[in-house]
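Asker: To be precise about what I am sending: the file is called start-v2.txt and holds compact mmCIF, C-alpha atoms and all ligand atoms.
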# COMPACT_ATOMS: atom_id res chain seq x y z
CA MET A 1 82.12 113.43 52.90
CA GLN A 2 80.83 115.43 49.97
CA ALA A 3 81.61 112.45 47.79
CA LEU A 4 79.49 110.22 50.00
CA GLU A 5 76.37 112.38 49.91
CA GLN A 6 76.79 112.85 46.17
CA ALA A 7 77.10 109.12 45.61
CA VAL A 8 74.01 108.44 47.72
CA LEU A 9 71.96 110.97 45.76
CA GLU A 10 73.16 109.39 42.52
CA GLY A 11 71.87 106.02 43.66
CA ASN A 12 75.16 104.32 44.48
CA ARG A 13 74.15 101.32 46.58
CA ARG A 14 77.49 100.79 48.25
CA ALA A 15 77.61 104.43 49.33
CA LEU A 16 74.05 104.05 50.63
CA ALA A 17 74.95 100.95 52.64
CA ARG A 18 77.97 102.74 54.08
CA LEU A 19 75.99 105.81 55.08
CA ILE A 20 73.34 103.64 56.73
CA THR A 21 76.01 101.95 58.82
CA LEU A 22 77.37 105.34 59.87
CA VAL A 23 73.88 106.51 60.85
CA GLU A 24 73.17 103.26 62.70
CA ASN A 25 76.34 103.70 64.70
CA GLU A 26 75.39 107.30 65.45
CA ASP A 27 78.69 108.33 63.91
CA THR A 28 79.39 112.08 63.61
CA GLU A 29 80.31 111.78 59.92
CA GLY A 30 76.98 110.09 59.28
CA ARG A 31 75.20 112.92 61.04
CA ALA A 32 77.01 115.51 58.96
CA VAL A 33 75.96 113.76 55.73
CA LEU A 34 72.40 113.45 57.03
CA ASP A 35 72.34 117.22 57.70
CA VAL A 36 73.00 117.82 54.00
CA LEU A 37 70.67 115.09 52.74
CA PHE A 38 67.77 115.96 55.02
CA PRO A 39 66.14 118.57 52.71
CA HIS A 40 65.83 115.82 50.06
CA SER A 41 63.65 113.69 52.35
CA GLY A 42 59.93 113.93 52.98
CA LYS A 43 58.59 112.26 49.84
CA ALA A 44 58.62 108.56 50.68
CA HIS A 45 55.59 106.60 51.82
CA LEU A 46 56.68 104.95 55.08
CA VAL A 47 54.80 101.75 55.84
CA GLY A 48 55.15 99.85 59.10
CA VAL A 49 54.55 96.10 58.99
CA THR A 50 54.04 94.60 62.41
CA GLY A 51 52.53 91.51 64.01
CA ALA A 52 53.41 88.45 66.04
CA SER A 53 56.54 86.47 65.28
CA GLY A 54 55.87 83.96 62.53
CA ALA A 55 52.67 85.63 61.27
CA GLY A 56 54.30 85.86 57.85
CA LYS A 57 55.47 89.48 57.76
CA SER A 58 58.66 88.88 55.73
CA THR A 59 56.91 86.56 53.29
CA LEU A 60 54.18 89.16 52.89
CA VAL A 61 56.67 91.97 52.33
CA ASN A 62 58.34 89.86 49.63
CA SER A 63 55.03 89.22 47.81
CA LEU A 64 53.78 92.76 48.31
CA VAL A 65 56.93 94.30 46.86
CA LYS A 66 56.72 91.95 43.87
CA GLU A 67 53.17 93.14 43.31
CA VAL A 68 54.10 96.81 43.69
CA LEU A 69 56.86 96.41 41.10
CA THR A 70 54.48 94.66 38.71
CA ARG A 71 52.13 97.62 38.96
CA ASN A 72 54.91 100.17 38.69
CA PRO A 73 58.34 98.91 37.59
CA GLU A 74 59.83 102.39 38.05
CA LYS A 75 59.15 102.46 41.75
CA LYS A 76 62.09 102.36 44.13
CA VAL A 77 61.34 100.25 47.18
CA ALA A 78 63.33 99.81 50.38
CA VAL A 79 62.77 97.34 53.20
CA ILE A 80 64.06 97.78 56.75
CA ALA A 81 63.75 94.55 58.71
CA VAL A 82 64.05 95.34 62.41
CA ASP A 83 64.70 92.56 64.86
CA PRO A 84 64.15 93.87 68.37
CA THR A 85 64.00 90.45 70.00
CA SER A 86 67.60 89.66 70.66
CA PRO A 87 71.00 91.01 69.80
CA PHE A 88 72.13 87.46 69.10
CA SER A 89 69.43 86.38 66.67
CA GLY A 90 71.45 86.42 63.52
CA GLY A 91 69.15 83.58 62.51
CA ALA A 92 66.13 85.83 62.11
CA VAL A 93 68.07 88.21 59.92
CA LEU A 94 69.22 85.30 57.79
CA GLY A 95 65.63 84.05 57.62
CA ASP A 96 64.47 87.46 56.35
CA ARG A 97 67.05 87.25 53.60
CA ILE A 98 65.70 83.90 52.49
CA ARG A 99 62.06 84.98 52.64
CA MET A 100 62.81 88.09 50.62
CA ARG A 101 65.23 86.56 48.13
CA GLU A 102 62.83 87.04 45.22
CA ILE A 103 62.88 90.79 45.57
CA ALA A 104 66.42 91.08 46.91
CA GLU A 105 67.87 90.80 43.42
CA ALA A 106 65.77 93.53 41.82
CA PRO A 107 67.92 96.58 41.08
CA GLN A 108 65.28 99.02 42.38
CA VAL A 109 64.93 97.20 45.71
CA PHE A 110 67.14 97.77 48.73
CA ILE A 111 66.91 95.58 51.84
CA ARG A 112 68.50 96.34 55.16
CA SER A 113 68.33 94.26 58.31
CA MET A 114 68.85 95.88 61.67
CA ALA A 115 69.51 93.96 64.82
CA SER A 116 68.66 95.45 68.14
CA ARG A 117 71.45 96.97 70.18
CA GLY A 118 70.76 98.38 73.56
CA ALA A 119 67.52 100.02 74.48
CA LEU A 120 64.36 100.06 72.41
CA GLY A 121 64.54 103.82 72.20
CA GLY A 122 67.93 103.47 70.54
CA LEU A 123 66.47 101.14 67.98
CA ALA A 124 63.65 103.53 67.16
CA ARG A 125 66.14 106.38 66.74
CA ALA A 126 68.35 104.33 64.47
CA THR A 127 65.36 103.13 62.43
CA GLN A 128 64.19 106.70 61.94
CA GLY A 129 67.68 107.73 60.87
CA VAL A 130 67.92 104.90 58.36
CA ALA A 131 64.43 105.68 57.02
CA LEU A 132 65.47 109.32 56.55
CA VAL A 133 68.53 108.26 54.56
CA LEU A 134 66.47 106.00 52.29
CA ASP A 135 63.84 108.71 51.86
CA ALA A 136 66.48 111.26 50.87
CA ALA A 137 68.09 108.71 48.54
CA GLY A 138 64.86 108.71 46.54
CA PHE A 139 63.06 105.54 47.63
CA ASP A 140 59.33 105.98 47.00
CA LEU A 141 58.12 103.26 49.31
CA ILE A 142 59.85 102.21 52.53
CA LEU A 143 58.56 99.16 54.37
CA ILE A 144 59.63 98.72 58.00
CA GLU A 145 59.11 95.22 59.39
CA THR A 146 59.15 94.77 63.14
CA VAL A 147 57.88 92.13 65.54
CA GLY A 148 54.92 93.36 67.51
CA ALA A 149 56.23 93.02 71.02
CA GLY A 150 54.76 95.60 73.34
CA GLN A 151 56.59 98.88 73.03
CA SER A 152 57.76 98.46 69.45
CA GLU A 153 54.31 98.63 67.86
CA VAL A 154 53.60 101.97 69.47
CA GLU A 155 56.91 103.15 68.11
CA ILE A 156 56.21 101.90 64.61
CA ALA A 157 52.98 103.87 64.60
CA SER A 158 54.95 106.99 65.38
CA LEU A 159 57.39 106.49 62.53
CA ALA A 160 55.14 105.34 59.67
CA HIS A 161 52.43 106.91 57.52
CA SER A 162 50.57 103.61 57.20
CA VAL A 163 50.61 100.63 59.52
CA LEU A 164 49.89 97.06 58.42
CA VAL A 165 49.12 94.69 61.26
CA VAL A 166 49.60 91.08 60.22
CA GLU A 167 47.55 88.41 61.96
CA ALA A 168 47.30 84.68 61.30
CA PRO A 169 44.75 82.05 62.30
CA GLY A 170 45.69 79.68 65.06
CA LEU A 171 47.50 82.30 67.04
CA GLY A 172 44.47 81.94 69.29
CA ASP A 173 40.86 82.48 68.25
CA ASP A 174 40.27 83.80 71.69
CA ILE A 175 42.24 86.86 70.67
CA GLN A 176 42.49 88.51 74.02
CA ALA A 177 41.49 92.04 74.78
CA ALA A 178 45.19 92.68 75.27
CA LYS A 179 45.50 92.58 71.51
CA ALA A 180 43.23 95.59 71.11
CA GLY A 181 46.33 97.73 71.53
CA ILE A 182 47.93 96.47 68.37
CA LEU A 183 44.66 96.65 66.42
CA GLU A 184 44.31 100.28 67.40
CA ILE A 185 47.37 101.27 65.42
CA ALA A 186 46.32 99.32 62.29
CA ASP A 187 45.44 101.21 59.14
CA ILE A 188 45.10 97.92 57.30
CA LEU A 189 44.63 94.57 59.01
CA VAL A 190 46.09 91.67 57.09
CA LEU A 191 44.79 88.23 57.91
CA ASN A 192 47.60 86.14 56.48
CA LYS A 193 47.76 82.35 56.12
CA ALA A 194 44.21 82.40 54.83
CA ASP A 195 44.91 78.90 53.51
CA ARG A 196 44.96 77.60 57.08
CA ALA A 197 42.10 76.15 59.05
CA GLY A 198 40.31 78.52 61.36
CA VAL A 199 40.49 81.65 59.18
CA GLU A 200 36.77 82.34 59.48
CA ALA A 201 36.85 82.26 63.27
CA THR A 202 39.85 84.59 63.39
CA GLU A 203 38.25 86.91 60.86
CA MET A 204 35.09 87.13 62.93
CA ALA A 205 37.05 87.79 66.08
CA LEU A 206 38.99 90.57 64.34
CA HIS A 207 35.78 92.13 63.01
CA THR A 208 34.29 92.12 66.48
CA MET A 209 37.35 93.70 68.04
CA LEU A 210 37.55 96.35 65.33
CA SER A 211 33.91 97.32 65.68
CA LEU A 212 34.30 97.45 69.46
CA GLY A 213 37.22 99.80 69.01
CA TYR A 214 35.09 101.94 66.74
CA ALA A 215 32.17 102.12 69.09
CA MET A 216 34.50 103.41 71.77
CA ALA A 217 36.27 105.96 69.57
CA GLU A 218 33.18 107.27 67.80
CA ASP A 219 33.80 110.89 68.63
CA ASP A 220 37.27 111.10 67.15
CA GLU A 221 35.72 111.41 63.64
CA LYS A 222 38.26 109.18 61.97
CA GLN A 223 37.22 108.64 58.40
CA TRP A 224 39.40 105.72 57.47
CA ALA A 225 37.92 102.44 58.63
CA PRO A 226 40.72 99.87 58.68
CA PRO A 227 39.82 97.06 56.27
CA ILE A 228 40.60 93.40 56.91
CA LEU A 229 42.37 91.80 53.95
CA LYS A 230 42.96 88.07 53.66
CA THR A 231 46.23 86.95 52.11
CA VAL A 232 48.27 83.85 51.43
CA ALA A 233 51.67 85.46 51.39
CA THR A 234 53.48 82.32 50.24
CA GLU A 235 51.36 82.33 47.04
CA GLY A 236 51.07 86.08 46.67
CA GLU A 237 47.28 85.74 47.00
CA GLY A 238 45.54 88.94 48.04
CA CYS A 239 48.67 91.01 47.57
CA MET A 240 47.27 92.83 44.55
CA ARG A 241 44.41 94.12 46.69
CA LEU A 242 46.82 94.95 49.48
CA ALA A 243 49.04 96.99 47.15
CA GLY A 244 45.96 98.83 45.90
CA MET A 245 44.75 99.44 49.45
CA LEU A 246 48.09 100.95 50.42
CA GLU A 247 47.88 103.35 47.49
CA GLU A 248 44.35 104.25 48.57
CA HIS A 249 45.51 104.90 52.11
CA ALA A 250 48.25 107.23 50.88
CA ILE A 251 45.66 109.17 48.86
CA TYR A 252 43.38 109.32 51.89
CA LEU A 253 46.24 110.63 54.07
CA HIS A 254 47.06 113.38 51.57
CA GLN A 255 43.45 114.44 51.04
CA SER A 256 42.55 114.49 54.73
CA GLY A 257 45.67 116.36 55.80
CA GLU A 258 46.67 113.43 57.97
CA TRP A 259 49.90 112.94 56.01
CA GLU A 260 51.24 116.25 57.29
CA GLN A 261 49.94 115.53 60.78
CA ARG A 262 51.70 112.19 60.93
CA ASP A 263 54.86 113.72 59.51
CA GLU A 264 54.81 116.40 62.17
CA LYS A 265 54.33 113.84 64.90
CA ARG A 266 57.18 111.76 63.51
CA MET A 267 59.58 114.69 63.47
CA GLN A 268 58.52 115.71 66.96
CA HIS A 269 59.13 112.17 68.18
CA LEU A 270 62.58 112.07 66.61
CA VAL A 271 63.71 115.47 67.84
CA GLN A 272 62.51 114.63 71.32
CA ALA A 273 64.33 111.28 71.31
CA LEU A 274 67.54 112.95 70.14
CA PHE A 275 67.15 115.69 72.71
CA GLU A 276 66.74 113.21 75.53
CA GLN A 277 69.75 111.24 74.36
CA GLN A 278 71.86 114.38 74.20
CA ARG A 279 70.69 115.59 77.59
CA SER A 280 71.52 112.28 79.17
CA ARG A 281 74.98 112.34 77.57
CA ASP A 282 75.65 115.89 78.75
CA TRP A 283 74.52 114.97 82.20
CA GLN A 284 76.77 111.94 82.35
CA GLN A 285 79.72 114.01 81.22
CA MET A 286 79.13 116.56 83.93
CA LEU A 287 79.17 114.03 86.71
CA GLU A 288 82.31 113.52 88.71
CA LYS A 289 83.17 109.84 88.56
CA ALA A 290 84.45 109.45 92.11
CA LYS A 291 81.48 111.26 93.61
CA THR A 292 79.04 109.27 91.51
CA ARG A 293 80.60 106.01 92.64
CA GLU A 294 80.33 107.07 96.26
CA ILE A 295 76.65 107.99 95.87
CA LEU A 296 75.92 104.67 94.16
CA ARG A 297 77.66 102.86 97.02
CA GLN A 298 75.42 104.67 99.48
CA VAL A 299 72.36 103.52 97.53
CA THR A 300 73.62 99.92 97.52
CA ARG A 301 74.18 100.13 101.27
CA ARG A 302 70.60 101.41 101.58
CA GLU A 303 71.81 104.64 103.15
CA LEU A 304 70.32 106.71 100.37
CA SER A 305 67.19 106.11 98.30
CA PRO A 306 67.56 106.11 94.50
CA TYR A 307 65.36 109.22 94.32
CA ARG A 308 67.58 111.18 96.70
CA ALA A 309 70.61 109.90 94.81
CA VAL A 310 69.35 111.49 91.59
CA GLU A 311 68.80 114.77 93.44
CA ARG A 312 72.34 114.65 94.81
CA LEU A 313 73.84 113.90 91.42
N1 LIG B 1 50.54 78.30 55.05
C1 LIG B 1 51.08 79.50 54.97
N2 LIG B 1 52.31 79.71 55.48
C2 LIG B 1 52.83 80.94 55.40
C3 LIG B 1 52.12 82.02 54.82
N3 LIG B 1 52.88 83.12 54.91
C4 LIG B 1 54.02 82.76 55.53
N4 LIG B 1 54.01 81.46 55.82
C5 LIG B 1 55.07 80.68 56.49
O1 LIG B 1 55.15 81.08 57.84
C6 LIG B 1 56.49 81.03 58.30
C7 LIG B 1 56.90 82.35 58.91
O2 LIG B 1 56.94 83.33 57.90
P1 LIG B 1 57.79 84.67 58.03
O3 LIG B 1 57.52 85.46 56.80
O4 LIG B 1 59.20 84.39 58.35
O5 LIG B 1 57.10 85.33 59.29
P2 LIG B 1 57.55 86.65 60.07
O6 LIG B 1 56.31 87.24 60.61
O7 LIG B 1 58.38 87.50 59.20
O8 LIG B 1 58.44 86.05 61.24
P3 LIG B 1 59.49 86.84 62.18
O9 LIG B 1 60.25 87.79 61.32
O10 LIG B 1 60.31 85.77 62.77
O11 LIG B 1 58.65 87.56 63.20
C8 LIG B 1 57.33 80.65 57.11
O12 LIG B 1 57.59 79.27 57.17
C9 LIG B 1 56.44 80.96 55.93
O13 LIG B 1 56.71 80.18 54.80
C10 LIG B 1 50.81 81.76 54.29
O14 LIG B 1 50.11 82.64 53.78
N5 LIG B 1 50.35 80.49 54.41
MG MG B 2 60.34 88.34 59.47
Please express the file's structure as structure tokens.
Answerer:
Amino acid sequence: MQALEQAVLEGNRRALARLITLVENEDTEGRAVLDVLFPHSGKAHLVGVTGASGAGKSTLVNSLVKEVLTRNPEKKVAVIAVDPTSPFSGGAVLGDRIRMREIAEAPQVFIRSMASRGALGGLARATQGVALVLDAAGFDLILIETVGAGQSEVEIASLAHSVLVVEAPGLGDDIQAAKAGILEIADILVLNKADRAGVEATEMALHTMLSLGYAMAEDDEKQWAPPILKTVATEGEGCMRLAGMLEEHAIYLHQSGEWEQRDEKRMQHLVQALFEQQRSRDWQQMLEKAKTREILRQVTRRELSPYRAVERL
């Protein structure tokens, strides 16, 4: 075990991949290594990249990372591509690999795909664990790509310092009010596929929605106004500005004290998730199997309501 943590700290990629698998599987050995590595974490800039499926997130991550490395070849960058849609969508993971092939070969870049298993909460826990490992292993920038599907965007906001929301024209110019939720978590709005028809209309709609959001949240004295950046991810267009904007946001977070605030929230979120998981495990262990089965049967027979069943258990 000591060998594993040592190897990870020394930058051994195979050791890193192995540890990530252990953490993903919530293995006890992985946890023990994480205990030791944890004090080394806390330096990385965690960036969430979210948006509708097909908006161009992976392509954008590829171009953005290329740009970041051009600006600073020393930088160590990791990408976590989360696929919460389906446990069977090996295709999406493969697609990510293809979209990110240009950066995948760089020695200072590490890419990890994670498929969903079980509940969303489990995915968030695992993602946090993997991000902690990469942070402790010395990655300066960690990008977390996830499809914006309801719950997951709220979760990404709770585990990143900066959130990029990727939009594209044609996904409906009548961007419904329902979308306000995802705009709310954006620190930077990326309007990708700016080479497509209808960009202007989408840009106007986004501006309107953003200003509406601001009018409503005027009292919360937020000083960072999320900019809208147009990109053509396939050509790398606009990615230089995006890389610069991310650096600016990190500086803003440090100067305003928001970096610490977000970190605190993230740790609170993680500890709470782990606590709930543990409590549920303890509870399940305490239950007597035969009695539980009998109570469940009573619920199925409609003799007992589910609420009363929980009380009984
Ligand atoms: N025209 C144009 N096409 C783009 C642009 N960016 C990405 N695409 C294309 O859009 C398609 C989807 O891109 P992805 O990067 O896989 O999108 P994604 O958001 O990661 O998709 P999921 O991971 O499946 O949610 C691909 O065929 C890309 O080549 C762009 O700026 N302009
Ligand atoms: Mg993708």
Asker: Counting only C-alpha atoms and all ligand atoms, figure out which residue out of A:Leu4, A:Val199, A:Val68, A:Ala81 gets nearest to ligand MG 2 (chain B).
Answerer: A:Ala81
Asker: Please, which residues in chain A fall within 9 Å of ligand LIG 1 (chain B) when counting all atoms listed in the file, and what is the closest atom pair and distance in Å to one decimal for each, ordered by chain then residue number, as CSV?
Answerer:
residue,atom,partner,partner_atom,distance
A:Thr50,CA,B:LIG1,O6,7.9
A:Gly51,CA,B:LIG1,O6,6.6
A:Ala52,CA,B:LIG1,O11,6.0
A:Ser53,CA,B:LIG1,O11,3.2
A:Gly54,CA,B:LIG1,O8,3.6
A:Ala55,CA,B:LIG1,O6,4.0
A:Gly56,CA,B:LIG1,O5,3.2
A:Lys57,CA,B:LIG1,O6,3.7
A:Ser58,CA,B:LIG1,O7,3.7
A:Thr59,CA,B:LIG1,O3,3.7
A:Leu60,CA,B:LIG1,O3,6.3
A:Val61,CA,B:LIG1,O3,7.9
A:Asn62,CA,B:LIG1,O3,8.5
A:Ala81,CA,B:LIG1,O9,8.0
A:Val82,CA,B:LIG1,O9,8.5
A:Asp83,CA,B:LIG1,O9,7.4
A:Ala92,CA,B:LIG1,O10,5.9
A:Val93,CA,B:LIG1,O9,8.0
A:Gly95,CA,B:LIG1,O4,6.5
A:Asp96,CA,B:LIG1,O4,6.4
A:Ile98,CA,B:LIG1,O4,8.8
A:Arg99,CA,B:LIG1,O3,6.2
A:Met100,CA,B:LIG1,O3,8.5
A:Glu145,CA,B:LIG1,O7,7.8
A:Thr146,CA,B:LIG1,O11,7.2
A:Val147,CA,B:LIG1,O11,5.2
A:Gly148,CA,B:LIG1,O11,8.1
A:Val166,CA,B:LIG1,O6,7.7
A:Glu167,CA,B:LIG1,O6,8.9
A:Ala168,CA,B:LIG1,O14,8.3
A:Leu191,CA,B:LIG1,O14,8.8
A:Asn192,CA,B:LIG1,O14,5.1
A:Lys193,CA,B:LIG1,O14,3.3
A:Ala194,CA,B:LIG1,O14,6.0
A:Asp195,CA,B:LIG1,N5,5.7
A:Arg196,CA,B:LIG1,N1,6.0
A:Lys230,CA,B:LIG1,O14,9.0
A:Thr231,CA,B:LIG1,O14,6.0
A:Val232,CA,B:LIG1,O14,3.2
A:Ala233,CA,B:LIG1,O14,4.0
A:Thr234,CA,B:LIG1,N3,4.8
A:Glu235,CA,B:LIG1,O14,6.9
A:Gly236,CA,B:LIG1,O14,8.0
A:Glu237,CA,B:LIG1,O14,8.0
Asker: Mind checking which residues fall within 6 Å of Leu141 of chain A, counting only C-alpha atoms, ignoring those fewer than 5 positions away in the same chain, and posting them as a list in words?
Answerer: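 The residues satisfying every condition are Ala44, His45 and Val77 of chain A.
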Asker: Nearest to Glu10 of chain A: which of A:Met286, A:Gly257, A:Leu189, A:Gly138 is it, counting all atoms listed in the file?
Answerer: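 Using all atoms listed in the file, the shortest distance to Glu10 of chain A belongs to A:Gly138.
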Asker: If I take atom CA of Ala309 of chain A and atom CA of Gln272 of chain A, how far is one from the other in Å, to one decimal?
Answerer: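 Atom-to-atom, atom CA of Ala309 of chain A to atom CA of Gln272 of chain A, that is 25.3 Å.
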Asker: Please compute the atom CA of Ala104 of chain A-atom CA of Val33 of chain A distance, one decimal, in Å.
Answerer: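 So the answer is 26.1 Å.
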Asker: Which of these residues is nearest to Val271 of chain A, using all atoms listed in the file: A:Leu206, A:Ala124, A:Val23, A:Leu69?
Answerer: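 The answer is A:Ala124, which sits nearest to Val271 of chain A.
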Asker: Find the residue from A:Ile185, A:Ile144, A:Ile228, A:Ile103 that sits nearest to ligand MG 2 (chain B); use only C-alpha atoms and all ligand atoms when measuring.
Answerer: A:Ile144
Asker: Please provide as a PyMOL selection string all residues within 12 Å of segment 248-254 of chain A, with the sequence filter that same-chain residues fewer than 6 positions apart are discarded (counting all atoms listed in the file).
Answerer: chain A and resi 43-47+140-141+160-164+186-188+222-227+241-242+260-263
Asker: Using all atoms listed in the file, which of the listed residues (A:Ile182, A:Leu64, A:Val133, A:Ala106) sits closest to Phe38 of chain A?
Answerer: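 Going through A:Ile182, A:Leu64, A:Val133, A:Ala106 one by one, the smallest distance to Phe38 of chain A is for A:Val133.
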Asker: Which one is closest to Glu203 of chain A: A:Arg266, A:Pro169, A:Asp35, A:Leu183? Count all atoms listed in the file.
Answerer: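 Ranked by minimum distance to Glu203 of chain A, first place goes to A:Pro169.
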Asker: Quick one: distance from atom CA of Met204 of chain A to atom CA of Leu143 of chain A in Å, one decimal?
Answerer: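 A separation of 27.7 Å between them.
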Asker: Can you tell me which residues surround Val310 of chain A at a distance of at most 12 Å, considering all atoms listed in the file, apart from same-chain residues fewer than 4 positions away, and format the answer as a PyMOL selection string?
Answerer: chain A and resi 283-284+287+292+295-296+299+304-306
Asker: Just want the 8 Å neighbourhood of Gly11 of chain A, counted on all atoms listed in the file, with same-chain residues fewer than 4 positions away dropped. Output as a list in words.
Answerer: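 Returned residues: Ala7, Leu16 and Ala137 of chain A.
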Asker: Hey, what's within 12 Å of Val8 of chain A if we count only C-alpha atoms and toss same-chain stuff fewer than 4 positions away? As a PyMOL selection string, please?
Answerer: chain A and resi 1-4+12-20+33-34+36-37+40+133-139
